[in-house]
Structures are given as structure tokens and as C-alpha cells.
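Remarks on the structure that follows.
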Amino acid sequence: MAYVRWTRYLLPTWKEEPAEAEIPSHRLMLRAGLIRRVASGIYEFLPFGYRALRKVERIVREEMDAIGALEMKLPVLQPEELWRRTGRWEDFGPEMFKLTDRKGQGFALGPTHEEIITELAAREIRSWRDMPLTLYQIGEKYRDEIRPRFGVMRAREFLMKDAYSFHGSWDSLEETYRDMYTAYSRTFTRCGLVFVAVEAPTGVMGGDVSHEFMAVADTGEDEIALCSACGYAANRQVAHTEPPDPPPGEERPLELVATPGVRTVEELVEFLGVSPAQIVKTFLYVGRDGALAVLVRGDQELEETKLLQAAGDPTLRRVDDPGEAERISGAPFGFLGPIGLGIPVWADESVRDIPAAVVGGNREGYHYVGARAGRDFRVDRYLDIHRAREGDPCGRCGSPLRIRRGIEVGQIFQLGTKYSEALGATFLDRDGEERPIIMGCYGIGVSRILGAVIEQHHDEAGIIWPLEIAPFQVVIAVLRPDVPEQMELAERLASALDRAGLEVLLDDRDRSPGEKFHDAKLIGIPVLLVVGPRALQRGEVEAERRRDGAKASFPAAEDAVVRGVRELLRAELI
RNA sequence: CGGAGAGUAGCGCAGCCUGGUUAGCGCGCAGCGUUCGGGACGCUGAGGUCGCCGGUUCGAAUCCGGCCUCUCCGACCA
């Protein structure tokens, strides 16, 4: 008797909407008894939710194994000293959970595992013969998120699959990277997710090439730019778009005009009667090489991720202190400009061809009009640092881009040698020469997938599980468990379905039929079997498919029911 | 961290402004009975340090101060 009886199970459903949850997946995970909150961003997985989580985990494991990745287990508790060697004790900063042992030694609850795995590689990999090698694990990760949100979507403790690959050559890395890309696509497809792989920023992980896998959802926290013409897809923060056309106008001489109290683009438009595209905004940054001025056209937004990526300087930060800005430029915010600044100037491409631009005068209460890049001020570097917008021309083919929202369920990185160099992970190549190991790393948010799946697969009544991660495939509602005839039939059918390899939840609770039907919809099991008097009079049981409400009746015999249920489930496998 | 809001029974909430017997309502929960095909009904009952600490007061869920926690928006983020 391997089927599960609801009366012997812990599956507490809620009729009412929880006040704490904002988005459908979070509400449904609470209402359908998958998770309970312990603290902000920290959740318990109840048996029903854990069952689904394990299904996702199993798919991830199968796809990793299929490309030859080796499963292992790394410690969650990691010594401070190791993190200091890569500089990430500071770089990760307050987002790491840090603790101290009784001797005063510092530890982190691992937010990720590059440090520890690279040290392992440094010890165990010595020769080019030992590679390529890919190791992975599935385990809890800890990040002290500024703002945990949306249940398991942005939690402080969450389940993640992380993999790390080690190579003697870039070609080998690229091969594994492609394998991972394929394995990820298979994984998310099997989970029933509609997703896109997009070019991604690399952030604190480092490296150059990276893709994020985004489950498409309006409630997602990330934005993605998509080109339906050429297939270009990128995280909005790095999405490349062609620079907008320059504003109309003629070149004219530079002129300093008094603009008392006029600071913002809107105010300048009003005061000078110009268009936003004729205005150049100036931002100040400081990094390890000192101060830097950054120019963006007035009708564009600065995309800081692009700037950071181009600068390759993790210490680069925006100057937001008025005193500091004034020391650098001589003027307060609102009057900063590139003319006469003694620091490097970087500009968005859209600044290059403005015939007569308005820029700050570097003097309180003054702006220049008629400024021309190259003529009146030097630009050391033109680059794409404006924020991509809906309808902007695709940087690859020029067609208009669409902006959509997504949930990041996975990301893959070509890391290169950042960690191997920092931690001395080297190998001897065929020529006997010592070289740093080339690495890749690959993450999947396992618990987040669960949220993303529900976000994509639900209706007003509840969850609609994709077959492969459904906690059970069949729920049997016995309308009158106190009537022996019905209960015995339900038990026989449950056993038969179980023997046929299906996972069965038997709703034997003493509840009204209405409640059982509603709960069945809420918990989203693909097929509901109803054992009740109405059909039983005809010697039948009824079935209803969750996805589309398709109904069927079968003779109340084991083989007929098994066959009928299988038939209903077959349509799920598309 | 900035802005906003909220903490009263397992869940959802009222009461607070205007301090005053045993702190309410709906759902849920327990017992009994009646029901039994799309969240039934009746009766009885259990369940609350009113987030915490301090103050004001004869008297504090209610007024004042501090703290904590949670949620939302923003900044941030593999």
C-alpha cells in the first residue's frame, strides 16, 4: 500500500488568502500547503512541497549526470580566510551571512562555492590529463538579501544546484559551456517552464561570457530584451541597442548662459526651450583609477551595469555626496559638465553626434549651450551605456526590441582564471608548463524553479502541476469515506494505480464533496478521480483533468481505471 | 538603508481616534446531531502574555517613548 492517505498526511490547505503574499505562486504555495514561513526569506517545505521540490531536484540531477557532471557535496560553512584570498569577503559584503566560532575564527554560510571548489581543484588537479572535469552539488545556499521577497523566489536560504568545470583550454571550457546550455534547456523544459536564455551580466562572479535562463513571467524581477526578428535576447541591463538618431539642429558656437536654479533635464527643457535629446547629463564616478565623468543624453537613462562591465573595476561607484562632487568638478549636482574637467570622460554613443548640446557649466547657475563633443570637450571613450527601452533598435539587426519580465532560474558563466589565479589552482600542460586552470560555473535555483513553475501554471482555483514535477499524478476523492463500498473501491483503485507506477493521493477525509473538489483544484494534481454515489450507480467512477477540465467516466474496475487515467495523462506529455 | 504600512486566537480582520465589567467577528479546530456531487446546517465547546520593554493613569489592546518583527515601494542583487 504505497499510496498516500490524506488523513495520514500533512497537507494543510487554506481557504483564505494569506495577507503576507503578493504574487500568485507565493499565495498558492502557502494555500496549498507547500511551504510555511519561519522568518523573512526562510521557509519550511512541508511534505507536499518537498515532494515537488524533490521532483525538480531529480530532473536537475538526471540532466547533470547526463552530461557527465559528477555529484558531490561541499560544506556550507566556509572559512573567512578562503574568501579573503579572492577578495570576495568584502565584495560579497553584507550579503554574506558571517559568523564566528568560539576561537574567534570567521566563517561564512556559503552563498556560493567557487572558493572552496577552486581550492579543492588546486589540491586535486595537477595535470592536463585530469581535465575536463565537472563537479556539481545540490544544496542550501545562504544570502542575506537586502529584501527577501515573493516567498521562495528571493529567499535567504534556498536550494541551488551549483556546478563547476575545470579545463586546460578555452575550447574545452566552451564545449562544456555548450553542454551545460543544452542540459539547462532540457531541465527547464522538463519542468514545464517557458523560458529564454539571455546574454547576462557577470556581476560579482567575474568572467566574460554568461547566460541567464529566464522563466517568462510578468511578476519576474528581471527584465529581458528580446528581438523577434533575429532572436537576440539579453538581460535588459546589458542589452545592446543601436544609438538613437541625433536630434535635429545645426552646429553653433559654444556659449555660457546663466541658468539659475535650473538643474534637472525637465527644468532645462522648460527654461531653454530645448528637447531632452539635446541635453547631456554628466555623472561622476570614482574607482581605483580615480574620478571618471560619464555622459548620457538627456532623453536616455544611464545603465550602470553596462558601465561597470566596461570598466572592469568592481570598486567603481557613483559619486552621490555633493561635497565630493564639488571637489571634483567645482560645481554642485545639476551643473556638472564635461567642459574643462581634468578627469577622463566616457560617453554613451548617443552623445557623439548631438550638433549643439546643453551641458553643465561646472559653475553653479550656469550651463553651456552649443556644445559639441570633440570640439568643446574631449571624450576618451564612446560606448553603449544607455538603458535599453521597449522599441529601441536591436543592436544586432535594428528591429525594435521588446522588453519582457522574467524569473532568473539559472545562470551559466565562463569564469576563466579569476579564481584559479587567486587561489593558485594550476596544472601542468602537455608541454610541462604550469598554467592556471580555466573554469566555468553554472547555477540553477532549484527552489526558485518551483515558484516559477507555479507562476506560469496556475488559474483562479489553484496550481496546475506540469506532469513531471507534480507531487502526485492522481488524487482520488472518496465522497463518502464512511460508506464501505466507496472506501473499499477507492482503496482498490489506489493500489492498482500505485502498482501501475503512478503516485496516488487518496482524499479519504470526512469533508463535503465541495471541499474535496476545491482542494483538488488548489493542490493541482493532474488527474482527479471521483468515487461517489452518482457514477457508482452506473458502476462507474469519474475523472477530471486539472489542466483543461476534461472529464471522463470509466467502469469501476481496476484495469479500466488504470487505462483511463493513463489516457488522460498522455495528453499531459506534450 | 530611504519611503509607506502593519503586528489583537491557526488564517483573515474589527475594536484603538474618544482609556472603564468576562476583548469581538468570520473562517478554521473539538464533541454531538442532521447532512453529503463543486468550500452544508444546528447545538455545545476549546483556543488570546492584544509583538516586546518602559512610562502616564485609580485603571492601558486603546495615550506617550524606545525596541523588535513582518509586508509593500525604492536603491541593491548569481
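By order of appearance in the C-alpha cells: chains A, B, ..., then residues from 1 within every chain, and ligands from 1 in the order shown.
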Env of C64 (chain B): 12 Å cut, atoms = only C-alpha atoms (C1' of nucleotides), seq-sep filter 6 positions within chain, self excluded. Answer as a count of residues only. 4
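Interface residues on chain B toward chain A (cut-off 12 Å, only C-alpha atoms (C1' of nucleotides)): C1, A6, G10, C11, G12, C13, G26, C27, G28, U35, C36, G37, G38, G39, A40, U69, C70, U71, C72, C73, G74, A75, C76, C77 and A78 of chain B.
Neighbouring residues of Ser127 (chain A) at 10 Å or closer, counting only C-alpha atoms (C1' of nucleotides) and skipping chain neighbours under 5 positions away, are Gly168, Thr426, Phe427, Leu428, Asp429, Arg430, Gly432, Glu433, Glu434, Arg435 and Ile437 of chain A.
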Selection file, C-alpha atoms, as an mmCIF file, in the first residue's frame:
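Saved result, selection.cif, follows:
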```
data_model
loop_
_atom_site.group_PDB
_atom_site.id
_atom_site.type_symbol
_atom_site.label_atom_id
_atom_site.label_comp_id
_atom_site.auth_asym_id
_atom_site.auth_seq_id
_atom_site.Cartn_x
_atom_site.Cartn_y
_atom_site.Cartn_z
ATOM 1 C CA GLY A 168 43.092 23.082 -19.720
ATOM 2 C CA THR A 426 47.348 25.420 -11.645
ATOM 3 C CA PHE A 427 48.145 22.391 -13.758
ATOM 4 C CA LEU A 428 50.933 21.219 -15.997
ATOM 5 C CA ASP A 429 50.034 21.266 -19.679
ATOM 6 C CA ARG A 430 51.271 18.877 -22.354
ATOM 7 C CA GLY A 432 55.122 20.629 -18.902
ATOM 8 C CA GLU A 433 54.301 24.252 -18.423
ATOM 9 C CA GLU A 434 52.399 25.425 -15.339
ATOM 10 C CA ARG A 435 49.169 27.273 -16.174
ATOM 11 C CA ILE A 437 43.046 26.148 -14.606
#
```
Members of region 132-289 of chain A assigned strand (DSSP E or B) by DSSP, as an MDAnalysis selection string: chainID A and resid 133:142 149 154 157:167 195:199 209:216 222:226 233:235 241 255:258 279:287
Best match for closeness to Ser185 (chain A) among A:Leu99, A:Leu383, A:Ile116, A:Met64, counting only C-alpha atoms: A:Met64
Can you pull out the residues contacting C53 (chain B)? Cut-off 12 Å, using only C-alpha atoms (C1' of nucleotides), and skip same-chain residues under 6 positions away; I want them as a count of residues only. 4
Please provide as number ranges by chain all residues within 9 Å of Val562 (chain A), with the sequence filter that same-chain residues fewer than 3 positions apart are discarded (counting only C-alpha atoms (C1' of nucleotides)). A: 493, 496-497, 500, 557-559, 565-567
I need the alpha helix (DSSP H) residues of region 156-344 of chain A per DSSP on the backbone, written as a ChimeraX atom specification. /A:170-190,265-272,304-311,322-329
Contacts between region 459-471 of chain A and region 49-118 of chain A, please, where a residue of region 49-118 of chain A counts if it comes within 10 Å (with only C-alpha atoms); show its shortest atom pair and distance in Å to one decimal, rows by chain and ascending number, as JSON lines.
```
{"residue": "A:Gly49", "atom": "CA", "partner": "A:Pro471", "partner_atom": "CA", "distance": 7.6}
{"residue": "A:Tyr50", "atom": "CA", "partner": "A:Pro471", "partner_atom": "CA", "distance": 8.4}
{"residue": "A:Arg51", "atom": "CA", "partner": "A:Pro471", "partner_atom": "CA", "distance": 5.2}
{"residue": "A:Ala52", "atom": "CA", "partner": "A:Pro471", "partner_atom": "CA", "distance": 4.8}
{"residue": "A:Leu53", "atom": "CA", "partner": "A:Ile469", "partner_atom": "CA", "distance": 7.9}
{"residue": "A:Arg54", "atom": "CA", "partner": "A:Ile469", "partner_atom": "CA", "distance": 8.3}
{"residue": "A:Lys55", "atom": "CA", "partner": "A:Ile469", "partner_atom": "CA", "distance": 5.1}
{"residue": "A:Val56", "atom": "CA", "partner": "A:Ile469", "partner_atom": "CA", "distance": 6.1}
{"residue": "A:Glu57", "atom": "CA", "partner": "A:Ile469", "partner_atom": "CA", "distance": 9.5}
{"residue": "A:Arg58", "atom": "CA", "partner": "A:Ile469", "partner_atom": "CA", "distance": 9.2}
{"residue": "A:Ile59", "atom": "CA", "partner": "A:Glu468", "partner_atom": "CA", "distance": 8.6}
```
Hey, what's within 12 Å of Asp65 (chain A) if we count only C-alpha atoms (C1' of nucleotides) and toss same-chain stuff fewer than 2 positions away? As a PyMOL selection string, please? chain A and resi 58-63+67-72+134-137+163+179-180+183+187
When you look at Thr282 (chain A) with a cut-off of 6 Å (counting only C-alpha atoms (C1' of nucleotides)), what residues show up, excluding the ones that are within fewer than 6 positions of it in the same chain? I need them as a ChimeraX atom specification. /A:294-295,336-337
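Of note, CA of Gln278 (chain A) and CA of Gly330 (chain A) are spaced 23.2 Å apart.
For the pair C1' of G7 (chain B) and CA of Val152 (chain A), the interatomic distance is 22.8 Å.
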At most 7 Å is the cut-off: for each residue in region 354-470 of chain A with any atom that close to an atom of region 232-256 of chain A, write down the nearest atom pair and the distance in Å rounded to one decimal, counting only C-alpha atoms, chain first then increasing number, as CSV.
```
residue,atom,partner,partner_atom,distance
A:Ile354,CA,A:Pro246,CA,5.5
A:Pro355,CA,A:Glu251,CA,4.8
A:Ala356,CA,A:Glu251,CA,5.4
A:Tyr366,CA,A:Leu256,CA,6.7
A:His367,CA,A:Leu256,CA,5.8
A:Tyr368,CA,A:Leu256,CA,4.4
A:Val369,CA,A:Glu255,CA,5.4
A:Gly370,CA,A:Leu254,CA,4.6
A:Ala371,CA,A:Leu254,CA,5.3
A:Asp384,CA,A:His240,CA,7.0
A:Arg387,CA,A:Gln237,CA,6.9
A:Ala388,CA,A:Ala239,CA,6.1
A:Asp392,CA,A:Thr241,CA,6.3
A:Pro393,CA,A:Glu242,CA,5.6
A:Cys394,CA,A:Thr241,CA,4.9
A:Gly395,CA,A:Thr241,CA,3.9
A:Gly398,CA,A:Glu242,CA,6.9
```
